>>> print(open('entry.csv').read())   # CSV, C-alpha atoms
chain,number,residue,atom,x,y,z
A,99,MET,CA,51.2,125.2,23.8
A,100,LYS,CA,47.9,123.7,22.8
A,101,ILE,CA,48.2,121.5,19.7
A,102,LEU,CA,45.3,119.6,18.1
A,103,HIS,CA,46.3,116.2,16.7
A,104,SER,CA,43.9,114.9,14.1
A,105,TYR,CA,43.4,111.5,12.6
A,106,LEU,CA,40.4,109.6,11.2
A,107,PHE,CA,40.7,106.8,13.8
A,108,PHE,CA,41.8,106.4,17.4
A,109,SER,CA,42.5,102.7,17.7
A,110,ILE,CA,45.9,101.1,17.5
A,111,LYS,CA,44.2,97.7,17.0
A,112,TYR,CA,42.2,99.0,14.0
A,113,ALA,CA,44.4,101.7,12.5
A,114,GLY,CA,47.9,100.6,13.5
A,115,GLY,CA,51.0,102.7,13.5
A,116,THR,CA,49.6,106.2,12.9
A,117,SER,CA,47.2,105.9,15.8
A,118,ASP,CA,50.0,104.4,17.9
A,119,LEU,CA,52.4,107.3,17.1
A,120,MET,CA,49.8,109.9,17.7
A,121,CYS,CA,48.8,108.4,21.0
A,122,LYS,CA,52.5,108.5,22.1
A,123,ILE,CA,52.9,112.1,21.1
A,124,LEU,CA,49.8,113.1,23.0
A,125,ARG,CA,50.9,111.2,26.1
A,126,ALA,CA,54.4,112.8,25.9
A,127,GLN,CA,53.1,116.3,25.3
A,128,ALA,CA,50.6,116.0,28.2
A,129,ALA,CA,53.4,114.8,30.5
A,130,SER,CA,55.6,117.7,29.5
A,131,GLY,CA,52.9,120.2,30.7
A,132,ALA,CA,51.2,121.1,27.4
A,133,ASN,CA,47.5,120.8,26.7
A,134,PRO,CA,47.2,118.5,23.6
A,135,VAL,CA,43.8,117.8,22.0
A,136,LEU,CA,42.8,114.7,20.1
A,137,LEU,CA,40.4,115.0,17.1
A,138,SER,CA,39.1,111.7,15.8
A,139,GLY,CA,36.1,110.1,14.2
A,140,ASP,CA,33.9,107.9,16.4
A,141,TYR,CA,34.4,104.8,14.2
A,142,LYS,CA,36.3,102.1,16.2
A,143,PHE,CA,37.2,104.7,18.8
A,144,ASP,CA,39.1,103.0,21.6
A,145,GLU,CA,37.7,104.4,24.8
A,146,ASN,CA,40.1,102.5,27.1
A,147,LEU,CA,43.1,103.8,25.2
A,148,PHE,CA,41.8,107.4,25.5
A,149,ARG,CA,41.2,107.0,29.2
A,150,SER,CA,44.9,106.1,29.6
A,151,LEU,CA,45.9,109.6,28.3
A,152,ASP,CA,45.9,111.8,31.4
A,153,GLY,CA,45.6,115.5,30.5
A,154,VAL,CA,44.4,115.1,26.9
A,155,LYS,CA,41.2,116.6,25.7
A,156,CYS,CA,39.1,115.0,23.0
A,157,ILE,CA,36.9,116.2,20.1
A,158,LYS,CA,35.1,113.1,18.8
A,159,VAL,CA,33.0,113.6,15.7
A,160,LYS,CA,30.4,111.2,14.2
A,161,SER,CA,31.8,109.6,11.0
A,162,TYR,CA,30.0,107.9,8.2
A,163,PHE,CA,31.0,105.4,5.4
A,164,ASP,CA,34.1,104.2,7.2
A,165,LYS,CA,33.5,100.6,6.1
A,166,GLN,CA,33.4,101.7,2.5
A,167,GLY,CA,36.8,103.3,2.8
A,168,PHE,CA,35.6,106.9,3.2
A,169,SER,CA,35.3,108.7,6.6
A,170,ILE,CA,32.9,111.6,6.1
A,171,MET,CA,32.2,113.9,9.1
A,172,PRO,CA,29.4,116.3,8.2
A,173,LEU,CA,29.5,118.1,11.6
A,174,LEU,CA,33.3,118.5,11.8
A,175,PHE,CA,33.4,122.2,10.9
A,176,PHE,CA,30.9,123.0,13.5
A,177,ALA,CA,32.8,121.0,16.1
A,178,LEU,CA,35.9,122.9,15.3
A,179,ILE,CA,34.2,126.2,15.7
A,180,LYS,CA,32.8,125.1,19.0
A,181,HIS,CA,36.3,124.1,20.3
A,182,ARG,CA,38.4,126.7,18.4
A,183,ASN,CA,39.7,128.2,21.7
A,184,ASP,CA,40.9,124.8,23.0
A,185,PHE,CA,43.9,124.7,20.6
A,186,ASP,CA,46.3,127.1,18.9
A,187,PHE,CA,47.9,124.9,16.3
A,188,VAL,CA,46.9,121.8,14.2
A,189,HIS,CA,49.0,118.7,13.5
A,190,MET,CA,47.3,116.8,10.7
A,191,HIS,CA,48.1,113.1,10.6
A,192,ILE,CA,47.6,111.7,7.1
A,193,TYR,CA,46.8,113.9,4.1
A,194,ARG,CA,44.1,113.1,1.6
A,195,THR,CA,41.0,112.9,3.8
A,196,PHE,CA,37.7,114.7,4.2
A,197,GLN,CA,38.8,115.6,7.8
A,198,SER,CA,42.1,117.1,6.6
A,199,ALA,CA,40.3,119.2,3.9
A,200,ILE,CA,37.8,120.6,6.4
A,201,LEU,CA,40.6,121.3,8.9
A,202,TYR,CA,42.5,123.1,6.2
A,203,PHE,CA,39.6,125.5,5.4
A,204,PHE,CA,39.1,126.0,9.2
A,205,CYS,CA,42.7,126.9,9.7
A,206,LYS,CA,42.6,129.4,6.8
A,207,ILE,CA,39.5,131.1,8.1
A,208,TYR,CA,40.7,131.2,11.8
A,209,ASN,CA,44.3,131.9,10.9
A,210,LYS,CA,45.8,128.9,12.8
A,211,LYS,CA,49.1,127.3,11.8
A,212,PHE,CA,49.0,123.7,10.7
A,213,VAL,CA,51.5,121.1,9.8
A,214,ILE,CA,50.9,117.9,7.8
A,215,ASP,CA,52.5,114.5,8.5
A,216,ALA,CA,51.4,112.2,5.7
A,217,HIS,CA,52.9,109.1,7.3
A,218,GLY,CA,53.8,107.6,3.9
A,219,ALA,CA,50.4,108.2,2.3
A,220,VAL,CA,51.5,110.7,-0.3
A,221,PRO,CA,52.2,108.4,-3.3
A,222,TYR,CA,49.3,107.4,-5.4
A,223,HIS,CA,50.0,103.6,-5.1
A,224,LYS,CA,47.4,101.4,-6.8
A,225,LYS,CA,44.1,102.1,-5.2
A,226,LYS,CA,41.7,105.1,-5.6
A,227,ILE,CA,44.3,106.8,-7.9
A,228,PHE,CA,41.6,108.9,-9.7
A,229,LEU,CA,40.1,110.1,-6.4
A,230,LYS,CA,43.6,110.9,-5.0
A,231,LYS,CA,44.5,113.0,-8.1
A,232,LEU,CA,41.1,114.7,-8.0
A,233,PHE,CA,41.7,115.6,-4.3
A,234,ASP,CA,45.1,117.1,-5.2
A,235,ILE,CA,43.6,119.2,-7.9
A,236,LEU,CA,40.7,120.5,-5.8
A,237,VAL,CA,42.4,121.1,-2.5
A,238,GLY,CA,45.4,118.9,-1.8
A,239,LYS,CA,48.2,120.9,-3.5
A,240,ARG,CA,46.9,124.0,-1.9
A,241,MET,CA,47.1,122.3,1.5
A,242,LEU,CA,50.7,121.4,0.9
A,243,ARG,CA,51.7,124.9,-0.2
A,244,ASP,CA,49.8,126.6,2.7
A,245,ALA,CA,51.0,124.3,5.5
A,246,HIS,CA,53.5,125.9,7.9
A,247,LEU,CA,55.6,122.7,7.5
A,248,LEU,CA,55.3,119.3,5.9
A,249,ILE,CA,56.7,116.5,8.0
A,250,ALA,CA,58.7,113.6,6.4
A,251,GLU,CA,60.1,110.8,8.4
A,252,THR,CA,63.0,110.2,6.0
A,253,GLU,CA,64.5,111.5,2.7
A,254,VAL,CA,62.2,109.0,1.0
A,255,GLY,CA,59.2,110.9,2.5
A,256,LYS,CA,60.6,114.2,1.4
A,257,THR,CA,61.0,113.0,-2.2
A,258,GLU,CA,57.3,111.8,-2.1
A,259,TYR,CA,56.1,115.3,-1.3
A,260,LEU,CA,58.2,116.8,-4.1
A,261,GLU,CA,56.9,114.3,-6.6
A,262,ILE,CA,53.4,115.5,-6.0
A,263,ASP,CA,54.3,119.2,-6.3
A,264,GLN,CA,57.8,120.2,-7.5
A,265,SER,CA,57.2,123.8,-6.6
A,266,LEU,CA,57.3,123.1,-2.9
A,267,PRO,CA,60.3,124.8,-1.3
A,268,GLN,CA,62.9,122.4,0.1
A,269,ASP,CA,62.9,124.2,3.5
A,270,LYS,CA,59.2,123.7,3.9
A,271,ILE,CA,59.7,119.9,4.4
A,272,ALA,CA,61.1,119.0,7.8
A,273,ILE,CA,62.6,115.5,8.3
A,274,LEU,CA,61.5,114.2,11.7
A,275,SER,CA,62.1,110.5,12.3
A,276,PRO,CA,59.6,109.3,14.9
A,277,PRO,CA,60.8,109.0,18.4
A,278,PHE,CA,60.2,105.9,20.4
A,279,GLU,CA,58.4,105.3,23.7
A,280,THR,CA,61.3,103.4,25.3
A,281,ASP,CA,59.9,103.1,28.9
A,282,PRO,CA,58.4,99.7,28.3
A,283,TYR,CA,61.8,98.5,27.0
A,284,GLU,CA,64.0,99.6,29.9
A,285,LYS,CA,64.4,95.9,30.6
A,286,LEU,CA,64.5,93.5,27.8
A,287,PRO,CA,61.1,91.7,27.5
A,288,GLU,CA,61.1,88.0,28.3
A,289,GLU,CA,59.4,85.2,26.6
A,290,LYS,CA,56.8,83.7,29.0
A,291,THR,CA,53.7,82.2,27.4
A,292,PHE,CA,53.8,83.1,23.7
A,293,ARG,CA,55.1,79.8,22.4
A,294,LYS,CA,52.8,77.8,24.7
A,295,LYS,CA,49.7,79.9,23.6
A,296,PHE,CA,50.3,79.2,19.9
A,297,LYS,CA,51.9,75.7,20.4
A,298,LEU,CA,55.2,76.7,19.0
A,299,PRO,CA,58.1,74.2,20.0
A,300,LYS,CA,61.0,75.8,21.8
A,301,GLU,CA,63.5,74.5,19.3
A,302,LYS,CA,61.9,76.4,16.4
A,303,LYS,CA,63.5,79.6,15.2
A,304,LEU,CA,60.6,82.1,14.9
A,305,ILE,CA,60.7,84.6,12.0
A,306,SER,CA,58.0,87.2,12.8
A,307,PHE,CA,56.2,90.0,11.0
A,308,LEU,CA,54.5,92.8,13.0
A,309,GLY,CA,51.8,95.0,11.3
A,310,ARG,CA,48.7,95.0,9.2
A,311,LEU,CA,48.1,92.2,6.8
A,312,HIS,CA,47.9,94.4,3.7
A,313,PRO,CA,49.5,94.0,0.2
A,314,ILE,CA,51.7,97.0,0.8
A,315,LYS,CA,53.5,95.2,3.6
A,316,GLY,CA,55.1,92.7,1.3
A,317,ASN,CA,54.1,89.5,3.2
A,318,ASP,CA,53.7,87.6,-0.1
A,319,PHE,CA,57.4,88.2,-0.6
A,320,LEU,CA,58.1,87.2,3.0
A,321,ILE,CA,56.3,83.9,2.6
A,322,ARG,CA,58.1,83.1,-0.6
A,323,GLY,CA,61.5,83.9,1.0
A,324,PHE,CA,60.6,81.8,4.0
A,325,SER,CA,59.6,78.9,1.8
A,326,GLU,CA,63.0,79.1,0.2
A,327,LEU,CA,64.6,79.1,3.6
A,328,LEU,CA,62.8,75.9,4.5
A,329,ARG,CA,64.5,74.1,1.6
A,330,ARG,CA,67.8,74.7,3.4
A,331,ARG,CA,66.7,74.2,7.1
A,332,GLN,CA,63.6,72.8,8.7
A,333,ASP,CA,63.9,74.3,12.2
A,334,CYS,CA,62.1,77.6,11.3
A,335,HIS,CA,58.5,78.8,11.7
A,336,LEU,CA,56.9,82.0,10.4
A,337,VAL,CA,54.6,84.1,12.6
A,338,LEU,CA,52.4,86.9,11.2
A,339,ILE,CA,51.4,89.2,14.0
A,340,GLY,CA,48.7,91.7,13.2
A,341,PRO,CA,45.1,92.3,12.1
A,342,ASP,CA,43.8,91.4,8.6
A,343,ASP,CA,43.5,94.4,6.3
A,344,GLY,CA,42.2,92.6,3.3
A,345,HIS,CA,45.2,90.3,2.5
A,346,GLU,CA,45.0,87.3,4.9
A,347,GLU,CA,43.0,85.0,2.6
A,348,GLU,CA,45.3,85.6,-0.3
A,349,LEU,CA,48.3,84.9,2.0
A,350,LYS,CA,46.8,81.7,3.2
A,351,LYS,CA,46.2,80.6,-0.5
A,352,LEU,CA,49.9,81.3,-1.2
A,353,ILE,CA,51.0,79.3,1.8
A,354,ALA,CA,48.9,76.3,0.7
A,355,SER,CA,50.2,76.5,-2.8
A,356,LEU,CA,53.8,76.4,-1.5
A,357,GLY,CA,52.9,73.4,0.8
A,358,ILE,CA,54.0,75.1,4.0
A,359,ASP,CA,50.6,75.2,5.8
A,360,GLY,CA,52.0,73.8,9.1
A,361,LYS,CA,54.9,76.2,9.1
A,362,VAL,CA,53.0,79.5,9.4
A,363,THR,CA,51.0,80.9,12.3
A,364,PHE,CA,48.6,83.9,12.2
A,365,THR,CA,48.2,85.4,15.6
A,366,GLY,CA,45.8,88.3,14.9
A,367,PHE,CA,46.3,91.7,16.6
A,368,MET,CA,48.7,91.8,19.6
A,369,GLY,CA,49.6,94.9,21.6
A,370,GLY,CA,51.4,96.0,24.7
A,371,ALA,CA,53.3,93.4,26.8
A,372,GLU,CA,51.8,90.6,24.8
A,373,LYS,CA,53.3,92.0,21.5
A,374,ASN,CA,56.7,92.6,23.1
A,375,GLU,CA,56.8,89.1,24.5
A,376,ALA,CA,56.1,87.8,20.9
A,377,LEU,CA,59.0,89.9,19.5
A,378,ALA,CA,61.3,88.8,22.3
A,379,ALA,CA,60.4,85.1,21.5
A,380,SER,CA,61.3,85.7,17.9
A,381,SER,CA,64.7,85.0,16.3
A,382,ILE,CA,64.2,87.6,13.6
A,383,VAL,CA,61.6,90.4,13.1
A,384,VAL,CA,60.9,91.5,9.5
A,385,GLN,CA,59.2,94.3,7.6
A,386,LEU,CA,59.4,93.9,3.9
A,387,SER,CA,57.1,96.7,2.8
A,388,ARG,CA,56.9,97.9,-0.8
A,389,PHE,CA,56.2,101.4,0.6
A,390,GLU,CA,57.0,102.5,4.1
A,391,GLN,CA,57.9,105.9,5.7
A,392,GLY,CA,59.8,104.8,8.8
A,393,ALA,CA,61.0,101.8,10.8
A,394,TRP,CA,58.4,101.8,13.6
A,395,ALA,CA,57.6,98.1,14.0
A,396,PRO,CA,61.1,96.8,13.2
A,397,ILE,CA,62.6,99.2,15.8
A,398,GLU,CA,60.3,97.7,18.4
A,399,GLY,CA,62.0,94.4,17.5
A,400,VAL,CA,65.4,95.9,18.1
A,401,LEU,CA,64.2,97.3,21.5
A,402,CYS,CA,63.2,93.7,22.3
A,403,GLY,CA,66.7,92.6,21.5
A,404,THR,CA,65.8,90.8,18.2
A,405,PRO,CA,67.6,91.2,14.9
A,406,ILE,CA,65.6,92.7,12.1
A,407,VAL,CA,65.4,92.5,8.3
A,408,VAL,CA,63.7,95.3,6.2
A,409,THR,CA,63.5,96.3,2.5
A,410,GLU,CA,66.2,98.7,1.5
A,411,HIS,CA,64.4,101.1,-0.9
A,412,THR,CA,61.9,102.3,1.8
A,413,GLY,CA,62.0,104.9,4.5
A,414,THR,CA,62.3,102.0,6.9
A,415,GLY,CA,65.5,100.9,5.0
A,416,GLU,CA,66.8,104.4,5.3
A,417,ASP,CA,66.2,104.5,9.1
A,418,VAL,CA,67.7,101.0,9.7
A,419,LYS,CA,70.8,101.8,7.5
A,420,ARG,CA,71.4,105.1,9.3
A,421,LEU,CA,71.2,103.4,12.7
A,422,ASP,CA,73.0,100.3,11.6
A,423,ALA,CA,70.2,98.5,13.3
A,424,GLY,CA,69.6,95.5,11.1
A,425,TYR,CA,69.8,93.9,7.6
A,426,LEU,CA,68.6,95.2,4.3
A,427,VAL,CA,67.2,93.2,1.3
A,428,GLU,CA,65.9,94.1,-2.2
A,429,ILE,CA,62.2,93.9,-2.6
A,430,ASP,CA,61.0,90.6,-4.2
A,431,ASN,CA,64.6,89.2,-4.3
A,432,ILE,CA,63.6,85.8,-2.8
A,433,ALA,CA,67.1,84.3,-2.9
A,434,GLU,CA,68.6,87.3,-1.1
A,435,LEU,CA,66.0,87.2,1.6
A,436,ALA,CA,66.5,83.5,2.2
A,437,ASN,CA,70.3,84.0,2.2
A,438,THR,CA,69.9,86.9,4.8
A,439,PHE,CA,67.8,84.7,7.1
A,440,GLU,CA,70.4,81.9,6.8
A,441,GLN,CA,73.2,84.4,7.5
A,442,ILE,CA,71.6,85.8,10.6
A,443,LEU,CA,70.7,82.4,12.0
A,444,GLY,CA,74.1,81.0,11.2
A,445,ASN,CA,75.9,83.9,12.9
A,446,TYR,CA,73.4,84.7,15.6
A,447,GLU,CA,75.8,86.1,18.2
A,448,THR,CA,77.1,88.6,15.7
A,449,ALA,CA,73.5,89.6,14.8
A,450,ILE,CA,72.6,90.0,18.5
A,451,ALA,CA,75.6,92.2,19.2
A,452,LYS,CA,74.7,94.4,16.2
A,453,THR,CA,71.1,94.6,17.5
A,454,LEU,CA,72.0,95.4,21.1
A,455,LYS,CA,74.4,98.2,20.0
A,456,ALA,CA,71.6,99.8,18.1
A,457,ARG,CA,69.2,99.3,20.9
A,458,ASN,CA,71.4,101.1,23.4
A,459,PHE,CA,71.8,104.1,21.0
A,460,ILE,CA,68.0,104.3,20.5
A,461,MET,CA,67.3,104.1,24.2
A,462,LYS,CA,69.7,106.9,24.9
A,463,ASN,CA,69.1,109.3,22.0
A,464,MET,CA,65.7,108.6,20.4
A,465,SER,CA,63.2,108.3,23.2
A,466,MET,CA,59.9,110.2,23.1
A,467,LYS,CA,60.8,111.9,26.4
A,468,ALA,CA,64.1,113.2,25.0
A,469,ARG,CA,62.6,114.4,21.7
A,470,VAL,CA,59.1,115.7,22.5
A,471,GLY,CA,60.4,119.2,22.2
A,472,GLU,CA,60.9,118.7,18.5
A,473,TYR,CA,57.1,118.5,18.0
A,474,TYR,CA,56.7,122.0,19.6
A,475,ALA,CA,59.5,123.4,17.4
A,476,LEU,CA,57.5,122.5,14.3
A,477,PHE,CA,55.3,125.6,14.9
A,478,ASP,CA,58.1,128.1,15.5
>>> encode(input="entry.csv", output="structure tokens")
Amino acid sequence: MKILHSYLFFSIKYAGGTSDLMCKILRAQAASGANPVLLSGDYKFDENLFRSLDGVKCIKVKSYFDKQGFSIMPLLFFALIKHRNDFDFVHMHIYRTFQSAILYFFCKIYNKKFVIDAHGAVPYHKKKIFLKKLFDILVGKRMLRDAHLLIAETEVGKTEYLEIDQSLPQDKIAILSPPFETDPYEKLPEEKTFRKKFKLPKEKKLISFLGRLHPIKGNDFLIRGFSELLRRRQDCHLVLIGPDDGHEEELKKLIASLGIDGKVTFTGFMGGAEKNEALAASSIVVQLSRFEQGAWAPIEGVLCGTPIVVTEHTGTGEDVKRLDAGYLVEIDNIAELANTFEQILGNYETAIAKTLKARNFIMKNMSMKARVGEYYALFD
């Protein structure tokens, strides 16, 4: 089965979780004997990452205006025509893009099935609302209606599709929680040099966030909750792991205003074994997003044997609750967040036991290898 996976960017460092998941699906499908194809713009394209994908073909298209928040690919349709025999089906990652619209028209003309996985990007949120609504009027709603399936990672994601178009049939939306590449976690990662690299004393309890530094991720809430925790105990340190996506300076101003400058470390992007070592060195891993489809980064914390805290109203909260994999808090409830941190640190053996139980279940039942067939079944 030849499936084309499309996304604007192919760089985990630059684009984060969506590129990461797409990369893992491509790797798993190639390993299972399929012939997956990657379609990406050339902006920030990670050549080394692509070379690590044996058996994956690539269609790379020149992209413009990426820095301005638009990824326009004028030659995309011609590239698709040229490679139309290289794939039978299309898996669109993300929804409201120039790339997805062109793919939609291509699929209609050449009669190819396509599925859409919006990865949490369906709600209008606060930015580019007018452009998003215009996109939906011009082509977006037609894309949703004509797709073979719409993929949601949780019930939250399913509701988000229906809020855009209530006429969508319920059975057109498939809930498919993302599988996890568990091979790197067969053995629990060990802390080696992480604390030394960032001059973090061994006695400090590390509370870590993993992801982009973006307002949607709720790190302002995290910092306020951490500051409240410091009123109760002084043996904690906050670590923000991930690249800046327009929010770092604002976070640093908040940290300064709270007087906790020396208690917070920004590491920048970390990947692979280095990232896992940081998660293993942490006492708690958090994801306090205001909107989030699924629990990708927090589950990596669980796979490293570290207790996690997430916001309850998100798809992440739904995943974590279903797996009983961690602790849930209400968004912007600073007292509850500080209390939860204190509860975990004060009963750490109980928290570790809960985490390891969830880890064992995920390793056995939710690996990419075990579930890769679910991505083929989408096109049945």
>>> atom_distance(input="entry.csv", atom1="CA of Lys270 in chain A", atom2="CA of Asn463 in chain A")
25.2 Å
>>> residues_around(input="entry.csv", residues="Val188 in chain A", least_positions_apart="6", cutoff="7 Å", atoms="only C-alpha atoms", output="MDAnalysis selection string")
chainID A and resid 101:103 211:213
>>> residues_around(input="entry.csv", residues="Trp394 in chain A", least_positions_apart="4", cutoff="10 Å", atoms="only C-alpha atoms", output="list in words")
Gly115, Thr116, Asp118, Leu119, Ser275, Pro276, Pro277, Phe278, Leu308, Gly309, Gln385, Glu390, Glu398, Gly399, Thr414 and Asp417 of chain A
>>> closest_residue(input="entry.csv", among="A:Lys142, A:Lys295, A:Lys231, A:Lys122", to="Phe107 in chain A", atoms="only C-alpha atoms")
A:Lys142
>>> closest_residue(input="entry.csv", among="A:Val159, A:Ala449, A:Leu260, A:Leu151", to="His181 in chain A", atoms="all atoms listed in the file")
A:Val159
>>> atom_distance(input="entry.csv", atom1="CA of Ile450 in chain A", atom2="CA of Met368 in chain A")
24.0 Å
>>> residues_near_point(input="entry.csv", point="(64.3, 105.9, 5.8)", cutoff="10 Å", atoms="all atoms listed in the file", output="list in words")
Ala250, Glu251, Thr252, Glu253, Val254, Gly255, Ser275, Glu390, Gln391, Gly392, Ala393, Glu410, His411, Thr412, Gly413, Thr414, Gly415, Glu416, Asp417, Val418, Lys419 and Arg420 of chain A
>>> residues_around(input="entry.csv", residues="Cys402 in chain A", least_positions_apart="5", cutoff="7 Å", atoms="all atoms listed in the file", output="ChimeraX atom specification")
/A:283,286-287,374,377-378
>>> closest_residue(input="entry.csv", among="A:Leu327, A:Ile382, A:Leu476, A:Leu298", to="Gly360 in chain A", atoms="all atoms listed in the file")
A:Leu298
>>> build_atoms(input="entry.csv", residues="range 234-253 of chain A", atoms="N, CA and C atoms", output="PDB file, in the frame of the given file")
ATOM      1  N   ASP A 234      43.916 116.160  -5.031  1.00  0.00           N
ATOM      2  CA  ASP A 234      45.100 117.100  -5.200  1.00  0.00           C
ATOM      3  C   ASP A 234      44.733 118.274  -6.004  1.00  0.00           C
ATOM      4  N   ILE A 235      43.977 118.057  -7.067  1.00  0.00           N
ATOM      5  CA  ILE A 235      43.600 119.200  -7.900  1.00  0.00           C
ATOM      6  C   ILE A 235      42.675 120.153  -7.210  1.00  0.00           C
ATOM      7  N   LEU A 236      41.693 119.606  -6.475  1.00  0.00           N
ATOM      8  CA  LEU A 236      40.700 120.500  -5.800  1.00  0.00           C
ATOM      9  C   LEU A 236      41.236 121.182  -4.600  1.00  0.00           C
ATOM     10  N   VAL A 237      42.022 120.482  -3.773  1.00  0.00           N
ATOM     11  CA  VAL A 237      42.400 121.100  -2.500  1.00  0.00           C
ATOM     12  C   VAL A 237      43.821 120.647  -2.034  1.00  0.00           C
ATOM     13  N   GLY A 238      44.241 119.448  -2.397  1.00  0.00           N
ATOM     14  CA  GLY A 238      45.400 118.900  -1.800  1.00  0.00           C
ATOM     15  C   GLY A 238      46.710 119.668  -2.006  1.00  0.00           C
ATOM     16  N   LYS A 239      46.956 120.110  -3.229  1.00  0.00           N
ATOM     17  CA  LYS A 239      48.200 120.900  -3.500  1.00  0.00           C
ATOM     18  C   LYS A 239      48.174 122.204  -2.756  1.00  0.00           C
ATOM     19  N   ARG A 240      46.990 122.802  -2.621  1.00  0.00           N
ATOM     20  CA  ARG A 240      46.900 124.000  -1.900  1.00  0.00           C
ATOM     21  C   ARG A 240      47.222 123.801  -0.388  1.00  0.00           C
ATOM     22  N   MET A 241      46.782 122.660   0.135  1.00  0.00           N
ATOM     23  CA  MET A 241      47.100 122.300   1.500  1.00  0.00           C
ATOM     24  C   MET A 241      48.599 122.200   1.732  1.00  0.00           C
ATOM     25  N   LEU A 242      49.267 121.521   0.800  1.00  0.00           N
ATOM     26  CA  LEU A 242      50.700 121.400   0.900  1.00  0.00           C
ATOM     27  C   LEU A 242      51.432 122.692   0.864  1.00  0.00           C
ATOM     28  N   ARG A 243      50.985 123.569  -0.029  1.00  0.00           N
ATOM     29  CA  ARG A 243      51.700 124.900  -0.200  1.00  0.00           C
ATOM     30  C   ARG A 243      51.401 125.800   0.986  1.00  0.00           C
ATOM     31  N   ASP A 244      50.204 125.693   1.596  1.00  0.00           N
ATOM     32  CA  ASP A 244      49.800 126.600   2.700  1.00  0.00           C
ATOM     33  C   ASP A 244      50.224 126.127   4.055  1.00  0.00           C
ATOM     34  N   ALA A 245      50.622 124.866   4.161  1.00  0.00           N
ATOM     35  CA  ALA A 245      51.000 124.300   5.500  1.00  0.00           C
ATOM     36  C   ALA A 245      52.250 125.092   5.989  1.00  0.00           C
ATOM     37  N   HIS A 246      52.314 125.252   7.290  1.00  0.00           N
ATOM     38  CA  HIS A 246      53.500 125.900   7.900  1.00  0.00           C
ATOM     39  C   HIS A 246      54.718 124.998   7.653  1.00  0.00           C
ATOM     40  N   LEU A 247      54.543 123.682   7.797  1.00  0.00           N
ATOM     41  CA  LEU A 247      55.600 122.700   7.500  1.00  0.00           C
ATOM     42  C   LEU A 247      54.955 121.410   7.047  1.00  0.00           C
ATOM     43  N   LEU A 248      55.699 120.673   6.242  1.00  0.00           N
ATOM     44  CA  LEU A 248      55.300 119.300   5.900  1.00  0.00           C
ATOM     45  C   LEU A 248      56.349 118.388   6.573  1.00  0.00           C
ATOM     46  N   ILE A 249      55.864 117.353   7.217  1.00  0.00           N
ATOM     47  CA  ILE A 249      56.700 116.500   8.000  1.00  0.00           C
ATOM     48  C   ILE A 249      56.987 115.188   7.183  1.00  0.00           C
ATOM     49  N   ALA A 250      58.244 114.873   6.976  1.00  0.00           N
ATOM     50  CA  ALA A 250      58.700 113.600   6.400  1.00  0.00           C
ATOM     51  C   ALA A 250      59.505 112.862   7.404  1.00  0.00           C
ATOM     52  N   GLU A 251      59.368 111.558   7.454  1.00  0.00           N
ATOM     53  CA  GLU A 251      60.100 110.800   8.400  1.00  0.00           C
ATOM     54  C   GLU A 251      61.537 110.457   7.911  1.00  0.00           C
ATOM     55  N   THR A 252      61.711 110.514   6.580  1.00  0.00           N
ATOM     56  CA  THR A 252      63.000 110.200   6.000  1.00  0.00           C
ATOM     57  C   THR A 252      63.140 110.992   4.672  1.00  0.00           C
ATOM     58  N   GLU A 253      64.300 110.863   4.016  1.00  0.00           N
ATOM     59  CA  GLU A 253      64.500 111.500   2.700  1.00  0.00           C
ATOM     60  C   GLU A 253      63.523 110.907   1.680  1.00  0.00           C
TER      61      GLU A 253
END
